[in-house]
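One file, query.txt, carrying compact mmCIF, C-alpha atoms and all ligand atoms:
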# COMPACT_ATOMS: atom_id res chain seq x y z
CA MET Z 11 -25.56 -5.86 9.25
CA ARG Z 12 -22.51 -5.53 6.99
CA HIS Z 13 -19.16 -7.21 7.56
CA TYR Z 14 -16.30 -5.10 6.30
CA LEU Z 15 -13.31 -7.17 5.18
CA ASP Z 16 -11.74 -4.64 2.82
CA HIS Z 17 -9.40 -2.63 5.05
CA ALA Z 18 -6.58 -2.84 2.49
CA ALA Z 19 -8.78 -0.77 0.16
CA SER Z 20 -9.63 1.76 2.87
CA SER Z 21 -9.95 1.37 6.62
CA PRO Z 22 -12.60 3.15 8.73
CA LEU Z 23 -11.49 6.43 10.31
CA ARG Z 24 -10.00 6.01 13.78
CA ASP Z 25 -11.31 8.13 16.68
CA GLU Z 26 -7.80 9.48 17.26
CA ALA Z 27 -7.68 10.77 13.67
CA ARG Z 28 -11.17 12.28 13.84
CA GLU Z 29 -10.36 14.15 17.06
CA ALA Z 30 -7.03 15.45 15.75
CA MET Z 31 -8.71 16.71 12.58
CA LEU Z 32 -11.61 18.35 14.39
CA ALA Z 33 -9.15 20.32 16.52
CA ALA Z 34 -7.04 21.27 13.51
CA TRP Z 35 -10.01 22.39 11.43
CA GLU Z 36 -10.72 25.02 14.08
CA LEU Z 37 -7.52 26.75 13.02
CA THR Z 38 -7.26 29.49 10.43
CA GLY Z 39 -4.09 30.01 8.48
CA ASN Z 40 -1.72 28.72 5.88
CA PRO Z 41 1.31 27.01 7.43
CA SER Z 42 3.54 28.94 5.01
CA SER Z 43 2.24 32.36 6.18
CA LEU Z 44 4.47 34.32 8.52
CA HIS Z 45 1.73 35.89 10.69
CA GLY Z 46 0.48 34.51 14.00
CA SER Z 47 -2.28 32.37 12.49
CA GLY Z 48 0.15 30.94 9.95
CA ARG Z 49 2.66 30.20 12.68
CA ARG Z 50 0.02 28.30 14.69
CA ALA Z 51 -0.87 26.23 11.62
CA ARG Z 52 2.84 25.62 11.01
CA SER Z 53 3.32 24.52 14.59
CA LEU Z 54 0.48 21.99 14.29
CA LEU Z 55 1.91 20.75 11.00
CA GLU Z 56 5.35 20.26 12.53
CA ASP Z 57 3.79 18.40 15.46
CA ALA Z 58 2.11 16.06 12.95
CA ARG Z 59 5.39 15.63 11.11
CA GLU Z 60 7.14 14.66 14.34
CA GLN Z 61 4.38 12.26 15.34
CA LEU Z 62 4.41 10.54 11.94
CA ALA Z 63 8.22 10.42 11.89
CA ASP Z 64 8.13 8.78 15.29
CA ALA Z 65 5.58 6.17 14.09
CA VAL Z 66 7.73 5.16 11.12
CA ASP Z 67 11.03 5.64 12.97
CA ALA Z 68 12.39 8.41 10.77
CA HIS Z 69 13.69 11.94 11.33
CA PRO Z 70 10.96 14.59 11.06
CA GLY Z 71 13.02 16.29 8.34
CA GLU Z 72 12.63 13.15 6.24
CA VAL Z 73 8.81 13.36 6.10
CA VAL Z 74 7.32 14.97 2.98
CA PHE Z 75 3.52 15.14 3.12
CA THR Z 76 1.71 14.24 -0.13
CA SER Z 77 -1.89 13.71 -1.21
CA GLY Z 78 -1.56 9.93 -0.73
CA GLY Z 79 0.43 6.84 -1.57
CA THR Z 80 0.00 7.33 -5.31
CA GLU Z 81 1.59 10.77 -5.28
CA ALA Z 82 4.42 9.61 -3.01
CA ASP Z 83 5.18 6.78 -5.46
CA HIS Z 84 5.02 9.15 -8.42
CA LEU Z 85 7.37 11.69 -6.81
CA VAL Z 86 10.00 9.06 -6.25
CA ILE Z 87 9.73 7.12 -9.54
CA SER Z 88 9.49 10.19 -11.79
CA GLY Z 89 11.97 12.14 -9.65
CA ALA Z 90 14.43 9.23 -9.79
CA ALA Z 91 14.17 8.91 -13.57
CA ALA Z 92 14.55 12.66 -14.13
CA TRP Z 93 17.58 12.80 -11.81
CA GLY Z 94 19.09 9.69 -13.42
CA ALA Z 95 18.66 11.10 -16.94
CA GLU Z 96 21.07 13.88 -16.00
CA HIS Z 97 23.53 11.69 -14.13
CA GLY Z 98 24.05 8.68 -16.40
CA ARG Z 99 21.68 6.38 -14.49
CA PRO Z 100 18.37 6.88 -16.28
CA ARG Z 101 16.77 3.51 -15.54
CA VAL Z 102 14.44 2.63 -12.66
CA ALA Z 103 13.82 -0.99 -11.62
CA ALA Z 104 10.66 -2.22 -9.92
CA SER Z 105 9.30 -5.60 -8.92
CA ALA Z 106 6.73 -7.25 -11.19
CA VAL Z 107 4.09 -7.12 -8.42
CA GLU Z 108 4.02 -3.40 -7.61
CA HIS Z 109 0.80 -1.45 -7.13
CA PRO Z 110 -0.16 0.48 -10.31
CA ALA Z 111 1.05 3.68 -8.60
CA VAL Z 112 4.60 2.37 -9.04
CA ALA Z 113 4.06 -0.08 -11.93
CA HIS Z 114 2.40 2.43 -14.25
CA ALA Z 115 4.86 5.20 -13.32
CA VAL Z 116 7.69 2.84 -14.30
CA GLN Z 117 5.86 1.74 -17.49
CA ALA Z 118 5.53 5.40 -18.43
CA LEU Z 119 9.33 5.58 -18.52
CA GLY Z 120 9.28 3.21 -21.52
CA GLY Z 121 12.69 1.63 -22.11
CA ALA Z 122 13.99 3.16 -18.88
CA GLY Z 123 11.90 0.75 -16.79
CA VAL Z 124 13.41 -2.54 -15.57
CA ARG Z 125 11.16 -5.35 -14.27
CA LEU Z 126 12.38 -7.48 -11.34
CA PRO Z 127 10.88 -11.00 -11.52
CA VAL Z 128 9.12 -12.67 -8.58
CA ASP Z 129 8.57 -16.31 -7.58
CA SER Z 130 5.21 -18.10 -7.32
CA ASP Z 131 4.63 -16.46 -3.91
CA GLY Z 132 5.18 -13.03 -5.47
CA VAL Z 133 8.51 -12.52 -3.71
CA VAL Z 134 11.59 -10.87 -5.27
CA HIS Z 135 14.81 -12.87 -4.95
CA GLY Z 136 18.50 -12.08 -4.87
CA GLU Z 137 19.13 -13.31 -8.43
CA GLY Z 138 16.91 -10.61 -9.96
CA LEU Z 139 18.55 -7.98 -7.80
CA ALA Z 140 22.09 -9.19 -8.45
CA GLN Z 141 21.62 -8.55 -12.15
CA LEU Z 142 20.62 -4.89 -11.95
CA PRO Z 143 21.94 -3.17 -15.10
CA PRO Z 144 24.68 -0.60 -14.32
CA ASP Z 145 22.59 2.33 -15.60
CA VAL Z 146 19.85 1.75 -12.98
CA GLY Z 147 19.80 4.63 -10.49
CA TRP Z 148 16.87 3.63 -8.28
CA ALA Z 149 14.93 0.42 -7.58
CA SER Z 150 11.54 -0.07 -5.96
CA VAL Z 151 10.20 -3.12 -4.12
CA MET Z 152 7.02 -2.84 -2.08
CA TRP Z 153 7.12 -3.86 1.61
CA VAL Z 154 3.77 -5.68 1.70
CA ASN Z 155 1.86 -6.65 -1.43
CA ASN Z 156 -1.58 -5.08 -1.56
CA GLU Z 157 -3.19 -8.16 -3.16
CA THR Z 158 -1.53 -11.20 -1.62
CA GLY Z 159 -0.12 -9.61 1.55
CA ALA Z 160 3.31 -11.16 0.78
CA ILE Z 161 6.11 -9.49 2.74
CA GLN Z 162 9.18 -8.75 0.64
CA PRO Z 163 12.73 -9.32 1.94
CA ILE Z 164 13.45 -5.59 2.34
CA ASP Z 165 16.83 -6.15 4.06
CA GLY Z 166 18.12 -8.24 1.14
CA PHE Z 167 16.72 -5.76 -1.36
CA VAL Z 168 18.48 -2.82 0.30
CA GLU Z 169 21.68 -4.81 0.62
CA ALA Z 170 21.65 -5.69 -3.11
CA CYS Z 171 20.95 -2.05 -3.99
CA ARG Z 172 23.87 -0.88 -1.81
CA ARG Z 173 26.22 -3.30 -3.55
CA ALA Z 174 25.09 -2.02 -6.95
CA GLY Z 175 25.21 1.66 -5.94
CA VAL Z 176 21.45 1.87 -6.52
CA ARG Z 177 19.04 3.89 -4.36
CA ALA Z 178 16.25 1.85 -2.76
CA HIS Z 179 12.57 2.79 -2.46
CA SER Z 180 9.74 0.79 -0.93
CA ASP Z 181 5.99 1.33 -1.14
CA ALA Z 182 5.03 0.67 2.49
CA VAL Z 183 1.39 1.70 2.11
CA GLN Z 184 0.17 -1.74 3.29
CA ALA Z 185 2.99 -2.17 5.79
CA LEU Z 186 2.86 0.65 8.33
CA GLY Z 187 0.58 -0.29 11.21
CA HIS Z 188 0.35 -3.89 9.95
CA VAL Z 189 3.91 -5.17 10.24
CA ARG Z 190 6.91 -3.70 12.05
CA CYS Z 191 8.22 -0.91 9.89
CA SER Z 192 11.26 1.25 10.67
CA PHE Z 193 12.60 3.60 8.01
CA THR Z 194 15.92 4.07 9.83
CA ALA Z 195 16.53 0.36 10.44
CA SER Z 196 15.53 -0.52 6.87
CA ARG Z 197 18.31 1.71 5.44
CA LEU Z 198 15.97 2.53 2.55
CA ASP Z 199 16.42 5.84 0.76
CA ALA Z 200 12.68 6.45 0.42
CA LEU Z 201 9.39 4.94 1.56
CA SER Z 202 5.77 5.70 0.54
CA LEU Z 203 2.87 5.86 2.99
CA SER Z 204 -0.87 6.47 2.84
CA ALA Z 205 -3.17 7.50 5.71
CA HIS Z 206 -6.43 5.81 4.78
CA LYS Z 207 -5.05 2.26 4.90
CA LEU Z 208 -4.48 2.52 8.64
CA GLY Z 209 -7.50 4.50 9.81
CA GLY Z 210 -6.43 7.98 8.77
CA PRO Z 211 -8.27 10.24 6.33
CA VAL Z 212 -8.32 9.72 2.55
CA GLY Z 213 -6.32 12.32 0.62
CA VAL Z 214 -3.05 12.44 2.52
CA GLY Z 215 0.12 10.37 2.54
CA ALA Z 216 3.84 10.86 2.81
CA LEU Z 217 7.10 10.21 1.09
CA VAL Z 218 9.67 9.50 3.78
CA VAL Z 219 12.94 10.32 2.07
CA ARG Z 220 16.55 10.84 3.10
CA ARG Z 221 17.58 14.46 2.97
CA ASN Z 222 20.43 13.74 0.53
CA ALA Z 223 18.43 11.40 -1.74
CA PRO Z 224 19.12 12.15 -5.39
CA LEU Z 225 15.66 13.02 -6.74
CA ALA Z 226 14.76 15.66 -9.31
CA VAL Z 227 11.83 17.94 -8.46
CA VAL Z 228 8.84 16.93 -10.58
CA SER Z 229 6.10 18.90 -8.77
CA HIS Z 230 6.62 22.63 -9.30
CA GLY Z 231 4.97 25.46 -7.41
CA GLY Z 232 5.41 27.24 -4.10
CA GLY Z 233 8.27 25.01 -2.97
CA GLN Z 234 6.63 23.49 0.11
CA GLU Z 235 7.83 20.21 1.60
CA ARG Z 236 11.53 20.59 0.75
CA ARG Z 237 10.47 21.69 -2.76
CA LEU Z 238 9.69 18.03 -3.48
CA ARG Z 239 5.93 18.48 -3.23
CA SER Z 240 4.61 21.95 -3.88
CA GLY Z 241 1.14 22.97 -2.76
CA THR Z 242 -0.41 24.19 0.49
CA VAL Z 243 -0.09 21.38 3.02
CA PRO Z 244 -3.49 20.23 4.43
CA VAL Z 245 -2.69 20.63 8.12
CA ALA Z 246 -5.84 18.91 9.41
CA LEU Z 247 -5.33 15.87 7.16
CA ALA Z 248 -1.68 15.67 8.20
CA ALA Z 249 -2.74 15.79 11.87
CA GLY Z 250 -5.32 13.03 11.28
CA PHE Z 251 -2.76 10.91 9.44
CA ALA Z 252 -0.15 11.29 12.18
CA ALA Z 253 -2.67 10.47 14.93
CA ALA Z 254 -3.87 7.35 13.09
CA ALA Z 255 -0.31 6.21 12.38
CA ALA Z 256 0.71 6.68 16.02
CA ALA Z 257 -2.34 4.75 17.24
CA SER Z 258 -1.93 1.89 14.79
CA VAL Z 259 1.78 1.50 15.52
CA ALA Z 260 1.14 1.65 19.28
CA GLU Z 261 -1.49 -1.08 18.95
CA LEU Z 262 0.52 -3.28 16.59
CA ALA Z 263 1.97 -5.57 19.26
CA ALA Z 264 -1.57 -6.47 20.33
CA GLN Z 265 -3.25 -6.32 16.92
CA ALA Z 266 -0.75 -8.42 14.96
CA PRO Z 267 -1.36 -11.66 16.92
CA ARG Z 268 -5.10 -10.95 17.00
CA TRP Z 269 -5.16 -10.54 13.21
CA ALA Z 270 -2.91 -13.59 12.79
CA GLY Z 271 -5.45 -15.66 14.75
CA LEU Z 272 -8.36 -14.36 12.69
CA ARG Z 273 -6.41 -14.91 9.48
CA GLN Z 274 -5.65 -18.51 10.43
CA ARG Z 275 -9.35 -19.04 11.11
CA LEU Z 276 -10.05 -17.60 7.67
CA VAL Z 277 -7.44 -19.81 6.00
CA ASP Z 278 -8.81 -22.94 7.68
CA GLY Z 279 -12.44 -22.10 6.90
CA LEU Z 280 -11.94 -20.90 3.32
CA THR Z 281 -9.77 -23.86 2.30
CA ALA Z 282 -12.19 -26.34 3.90
CA VAL Z 283 -14.06 -25.91 0.60
CA GLY Z 284 -12.25 -27.87 -2.13
CA GLY Z 285 -10.34 -26.02 -4.86
CA VAL Z 286 -9.51 -22.98 -2.72
CA ARG Z 287 -5.81 -22.04 -2.38
CA VAL Z 288 -4.14 -19.34 -0.30
CA ASN Z 289 -1.54 -17.17 -2.07
CA GLY Z 290 1.46 -15.20 -0.85
CA GLY Z 291 3.61 -17.89 0.75
CA ALA Z 292 4.63 -18.29 4.38
CA HIS Z 293 5.43 -14.64 5.15
CA THR Z 294 2.39 -12.48 4.71
CA SER Z 295 0.82 -9.55 6.47
CA PRO Z 296 -1.46 -10.90 9.23
CA ALA Z 297 -4.11 -8.53 7.88
CA ILE Z 298 -4.42 -9.90 4.32
CA CYS Z 299 -5.72 -13.26 3.12
CA HIS Z 300 -5.78 -13.79 -0.65
CA VAL Z 301 -7.32 -16.91 -2.14
CA THR Z 302 -7.79 -18.42 -5.59
CA VAL Z 303 -11.14 -20.14 -5.97
CA ASP Z 304 -10.90 -22.65 -8.84
CA GLY Z 305 -13.75 -22.62 -11.35
CA THR Z 306 -15.05 -19.15 -10.48
CA ARG Z 307 -14.76 -15.58 -11.63
CA ALA Z 308 -13.81 -13.19 -8.83
CA ASP Z 309 -16.60 -10.79 -9.81
CA ASP Z 310 -19.22 -13.49 -9.21
CA VAL Z 311 -17.73 -14.36 -5.82
CA LEU Z 312 -17.64 -10.68 -4.82
CA LEU Z 313 -21.23 -10.06 -5.92
CA LEU Z 314 -22.52 -13.11 -4.05
CA LEU Z 315 -20.58 -12.11 -0.92
CA ASP Z 316 -21.88 -8.56 -1.26
CA ALA Z 317 -25.44 -9.92 -1.32
CA ALA Z 318 -24.59 -11.88 1.85
CA GLY Z 319 -23.50 -8.63 3.56
CA ILE Z 320 -19.75 -9.09 3.18
CA ASP Z 321 -17.50 -6.37 1.73
CA CYS Z 322 -14.27 -7.56 0.15
CA SER Z 323 -12.42 -7.14 -3.13
CA THR Z 324 -9.76 -8.57 -5.41
CA GLY Z 325 -7.30 -5.76 -4.76
CA SER Z 326 -6.51 -5.71 -8.49
CA ALA Z 327 -7.59 -3.23 -11.14
CA CYS Z 328 -11.16 -3.15 -12.35
CA THR Z 329 -12.45 -1.65 -15.59
CA ALA Z 330 -16.05 -0.40 -15.78
CA GLY Z 331 -16.89 -2.46 -12.71
CA VAL Z 332 -15.38 -5.72 -14.00
CA HIS Z 333 -12.09 -6.97 -12.61
CA GLN Z 334 -9.20 -7.41 -15.00
CA PRO Z 335 -6.91 -10.44 -14.65
CA SER Z 336 -4.64 -9.67 -11.71
CA GLU Z 337 -1.20 -8.52 -12.91
CA VAL Z 338 0.19 -9.71 -9.58
CA VAL Z 339 -1.15 -13.25 -9.98
CA LEU Z 340 0.06 -13.33 -13.59
CA ALA Z 341 3.54 -12.18 -12.51
CA MET Z 342 3.55 -15.03 -9.96
CA GLY Z 343 3.09 -17.44 -12.89
CA LEU Z 344 -0.19 -18.87 -11.59
CA GLY Z 345 -1.92 -18.49 -14.96
CA GLU Z 346 -4.75 -16.51 -16.53
CA GLU Z 347 -7.48 -18.56 -14.85
CA ALA Z 348 -6.14 -17.96 -11.34
CA ALA Z 349 -5.69 -14.28 -12.24
CA THR Z 350 -9.45 -13.90 -12.69
CA ALA Z 351 -10.47 -16.21 -9.82
CA SER Z 352 -8.75 -14.63 -6.81
CA VAL Z 353 -10.25 -12.56 -4.00
CA ARG Z 354 -8.76 -10.67 -1.06
CA PHE Z 355 -10.03 -10.43 2.51
CA SER Z 356 -8.31 -7.77 4.58
CA LEU Z 357 -8.55 -7.08 8.29
CA GLY Z 358 -8.17 -3.91 10.31
CA HIS Z 359 -8.71 -2.21 13.63
CA THR Z 360 -12.49 -2.76 13.63
CA THR Z 361 -12.47 -6.41 12.45
CA THR Z 362 -14.02 -8.92 14.84
CA ALA Z 363 -14.39 -12.69 14.94
CA ALA Z 364 -18.05 -12.15 14.00
CA ASP Z 365 -16.95 -10.66 10.66
CA VAL Z 366 -14.82 -13.72 9.92
CA ASP Z 367 -17.56 -16.11 11.04
CA ALA Z 368 -20.16 -14.38 8.84
CA LEU Z 369 -17.88 -14.86 5.85
CA LEU Z 370 -17.20 -18.50 6.66
CA ALA Z 371 -20.92 -19.19 7.14
CA ALA Z 372 -21.70 -17.83 3.67
CA TRP Z 373 -18.59 -19.26 1.94
CA PRO Z 374 -19.60 -22.84 0.89
CA ASP Z 375 -22.84 -21.66 -0.70
CA VAL Z 376 -21.17 -18.63 -2.35
CA VAL Z 377 -18.46 -20.79 -3.90
CA ALA Z 378 -20.98 -23.38 -5.12
CA ARG Z 379 -23.16 -20.70 -6.71
CA ALA Z 380 -20.17 -18.85 -8.24
CA ARG Z 381 -19.05 -22.13 -9.80
CA GLY Z 382 -22.46 -22.43 -11.43
CA ALA Z 383 -22.50 -18.83 -12.69
CA ARG Z 384 -22.04 -17.83 -16.32
CA PRO Z 385 -18.91 -15.88 -17.25
CA THR Z 386 -19.24 -12.08 -17.31
CA GLN Z 387 -17.88 -9.96 -20.16
CA PRO Z 388 -15.51 -7.06 -19.42
CA ASP Z 389 -16.37 -3.65 -20.94
CA PRO Z 390 -13.76 -1.07 -21.89
CA GLY Z 391 -13.68 1.94 -19.59
CA GLU Z 392 -12.08 3.49 -16.55
CA THR Z 393 -9.41 1.44 -14.72
CA ARG Z 394 -9.17 1.50 -10.92
CA ALA Z 395 -7.10 -0.36 -8.34
CA THR Z 396 -7.15 -0.29 -4.54
C1 LIG T 401 0.53 -0.76 -2.08
C2 LIG T 401 -0.24 0.48 -2.41
N1 LIG T 401 0.41 1.54 -2.92
C3 LIG T 401 -0.23 2.69 -3.21
C4 LIG T 401 -1.59 2.82 -3.01
C5 LIG T 401 -2.25 4.11 -3.34
O1 LIG T 401 -2.49 4.86 -2.16
P1 LIG T 401 -3.50 6.10 -2.19
O2 LIG T 401 -4.88 5.56 -2.28
O3 LIG T 401 -3.25 6.82 -0.90
O4 LIG T 401 -3.11 6.95 -3.36
C6 LIG T 401 -2.31 1.73 -2.51
C7 LIG T 401 -3.77 1.79 -2.32
O5 LIG T 401 -4.54 1.68 -3.20
C8 LIG T 401 -1.62 0.53 -2.19
O6 LIG T 401 -2.25 -0.53 -1.70

Here is the file; what I need is its structure written in the form of structure tokens.
Amino acid sequence: MRHYLDHAASSPLRDEAREAMLAAWELTGNPSSLHGSGRRARSLLEDAREQLADAVDAHPGEVVFTSGGTEADHLVISGAAAWGAEHGRPRVAASAVEHPAVAHAVQALGGAGVRLPVDSDGVVHGEGLAQLPPDVGWASVMWVNNETGAIQPIDGFVEACRRAGVRAHSDAVQALGHVRCSFTASRLDALSLSAHKLGGPVGVGALVVRRNAPLAVVSHGGGQERRLRSGTVPVALAAGFAAAAAASVAELAAQAPRWAGLRQRLVDGLTAVGGVRVNGGAHTSPAICHVTVDGTRADDVLLLLDAAGIDCSTGSACTAGVHQPSEVVLAMGLGEEAATASVRFSLGHTTTAADVDALLAAWPDVVARARGARPTQPDPGETRAT
């Protein structure tokens, strides 16, 4: 029997999402077509938009469906830079611990990217935000970190952006359905979401964005989704996403304390072995537990856990199957060794106490064996992050 503790990479499909998609796949028609079949598809799409807007507390007109969190991040970072280039605010700031979907999009801007430093818990502070250069048009700080689970002070971030006349974006891919998340209350200008992190299908996400947000169009085509994201909208995937989001938000009040209890059990059990430290500080998602295991390489720990029937990951990029030092851990100033010795356990709607107990039963032996293992050599190749 396998124990799946990698929900932050992708969470199993929820029944609600499966049912919504099965019904939608019965439909024929392109939601942009004007005939009866098209209108039925459009009506289902607009129902999904309303349901998702409700789950994230936004107006339906603010929901732009995308192919996932990566595309939502790209639309906002590239759209912000292109808009800013024409309006005297060409630079885009982002925290040093962003997912590659934001981090690499900002790096691709070259000199137009501004890095916001974080503390040893991976949290952005007021000082970094107070010093935003005057030519920054947009800034991006993720809501929940995908590696450590650290929750960023979104209120303070938005407040600092307002004072500086900067538009605020947050990657909330690991937040929705895991912590309370309201687009309206946050006063953000834009927010990125992904379906498969909360039990929806892979291949769909959303950019929730104010209707007057200053973004240039960087995806050209048929002009769907307020012209911000051209391409035929996958109605069935949107319906599955909306159903999963609604279910996970409805369950949050019950799930959050349940996950918090399981996470505490994990923290206690994992750190009972010497030389194991929990990262992310005091305010983390209840669904993510990230630990540094001194004297190991994360790849060895993951392989040994895999052999023991436990699925987990580092959450950081891997190249040709070997994990690279975590950029997030490096940005937190914990050093190169910690950056290659950290693993992430993430919980979701199917996680049980038995999953946690199986991990804790295997843990002392896995750590001892990983500490005795020889170092592995990274190969050049494809880079991936989850
Ligand atoms: C914080 C964060 N942002 C963006 C993404 C990318 O989302 P998607 O897989 O939907 O493109 C992920 C998942 O890998 C993530 O954890």

Please report, as CSV, each residue of chain Z lying at most 10 Å from ligand LIG 401 (chain T), together with the nearest pair of atoms and the separation in Å rounded to one decimal; use all atoms listed in the file, and order rows by chain and ascending residue number.
residue,atom,partner,partner_atom,distance
Z:Ala18,CA,T:LIG401,O6,6.5
Z:Ala19,CA,T:LIG401,O5,5.9
Z:Ser20,CA,T:LIG401,C7,7.8
Z:Thr76,CA,T:LIG401,O3,9.0
Z:Ser77,CA,T:LIG401,O3,7.0
Z:Gly78,CA,T:LIG401,O3,3.5
Z:Gly79,CA,T:LIG401,O1,3.6
Z:Thr80,CA,T:LIG401,O4,3.7
Z:Glu81,CA,T:LIG401,O4,6.4
Z:Ala82,CA,T:LIG401,O4,8.0
Z:Asp83,CA,T:LIG401,C3,7.1
Z:His84,CA,T:LIG401,C3,9.8
Z:Val107,CA,T:LIG401,C1,9.7
Z:Glu108,CA,T:LIG401,C1,7.1
Z:His109,CA,T:LIG401,C1,5.1
Z:Pro110,CA,T:LIG401,C3,7.4
Z:Ala111,CA,T:LIG401,C3,5.6
Z:Val112,CA,T:LIG401,N1,7.5
Z:Ala113,CA,T:LIG401,N1,9.9
Z:Met152,CA,T:LIG401,C1,6.8
Z:Trp153,CA,T:LIG401,C1,8.2
Z:Val154,CA,T:LIG401,C1,7.0
Z:Asn155,CA,T:LIG401,C1,6.1
Z:Asn156,CA,T:LIG401,O6,4.6
Z:Glu157,CA,T:LIG401,O6,7.8
Z:Gly159,CA,T:LIG401,C1,9.6
Z:Ser180,CA,T:LIG401,C1,9.4
Z:Asp181,CA,T:LIG401,N1,5.9
Z:Ala182,CA,T:LIG401,C1,6.6
Z:Val183,CA,T:LIG401,C1,4.9
Z:Gln184,CA,T:LIG401,C1,5.5
Z:Ala185,CA,T:LIG401,C1,8.4
Z:Ser202,CA,T:LIG401,N1,7.6
Z:Leu203,CA,T:LIG401,O3,7.3
Z:Ser204,CA,T:LIG401,O3,4.4
Z:Ala205,CA,T:LIG401,O3,6.6
Z:His206,CA,T:LIG401,O3,6.6
Z:Lys207,CA,T:LIG401,C7,7.3
Z:Pro211,CA,T:LIG401,O3,9.4
Z:Val212,CA,T:LIG401,O3,6.8
Z:Gly213,CA,T:LIG401,O3,6.5
Z:Val214,CA,T:LIG401,O3,6.6
Z:Gly215,CA,T:LIG401,O3,6.0
Z:Ala216,CA,T:LIG401,O3,9.0
Z:Gly325,CA,T:LIG401,O6,7.9
Z:Ser326,CA,T:LIG401,O5,9.3
Z:Ala327,CA,T:LIG401,O5,9.8
Z:Arg394,CA,T:LIG401,O5,9.0
Z:Ala395,CA,T:LIG401,O5,6.1
Z:Thr396,CA,T:LIG401,O5,3.5

Quick one, how far is atom CA of Val133 of chain Z from atom CA of Glu337 of chain Z?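 Atom CA of Glu337 of chain Z lies at a distance of 14.0 Å from atom CA of Val133 of chain Z.
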
Quick one: contact table of segment 139-198 of chain Z to segment 47-69 of chain Z, 6 Å max, nearest atom pair and distance in Å to one decimal per residue, counting only C-alpha atoms, chain and number order, as JSON lines?
{"residue": "Z:Ser192", "atom": "CA", "partner": "Z:Asp67", "partner_atom": "CA", "distance": 5.0}
{"residue": "Z:Phe193", "atom": "CA", "partner": "Z:Ala68", "partner_atom": "CA", "distance": 5.5}
{"residue": "Z:Thr194", "atom": "CA", "partner": "Z:Ala68", "partner_atom": "CA", "distance": 5.7}

Now that the selection is made, can you save its residues with C-alpha atoms as a short mmCIF file (atom, residue, chain, number, x, y, z; two decimals), in the frame of the given file?
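Okay, this is what ended up in selection.cif:
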data_model
loop_
_atom_site.label_atom_id
_atom_site.label_comp_id
_atom_site.auth_asym_id
_atom_site.auth_seq_id
_atom_site.Cartn_x
_atom_site.Cartn_y
_atom_site.Cartn_z
CA SER Z 192 11.26 1.25 10.67
CA PHE Z 193 12.60 3.60 8.01
CA THR Z 194 15.92 4.07 9.83
#

Smallest atom-to-atom distance to Ala103 of chain Z: which of Z:Pro224, Z:Gly209, Z:Gly241, Z:Pro143, using only C-alpha atoms?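 Closest residue, counting only C-alpha atoms: Z:Pro143.
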
Pick out the closest residue to Gly279 of chain Z from this set: Z:Pro374, Z:Gly39, Z:Gly123, Z:Gly46. Count only C-alpha atoms.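 Going through Z:Pro374, Z:Gly39, Z:Gly123, Z:Gly46 one by one, the smallest distance to Gly279 of chain Z is for Z:Pro374.
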
From the list Z:Leu357, Z:Val338, Z:Leu370, Z:Ala263, which residue is nearest Leu276 of chain Z when using all atoms listed in the file?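 Nearest to Leu276 of chain Z: Z:Leu370.
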
Find the residue from Z:Pro100, Z:Gly121, Z:Gly136, Z:Gly358 that sits nearest to Gly187 of chain Z; use only C-alpha atoms when measuring.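 Among the listed residues, the smallest separation from Gly187 of chain Z belongs to Z:Gly358.
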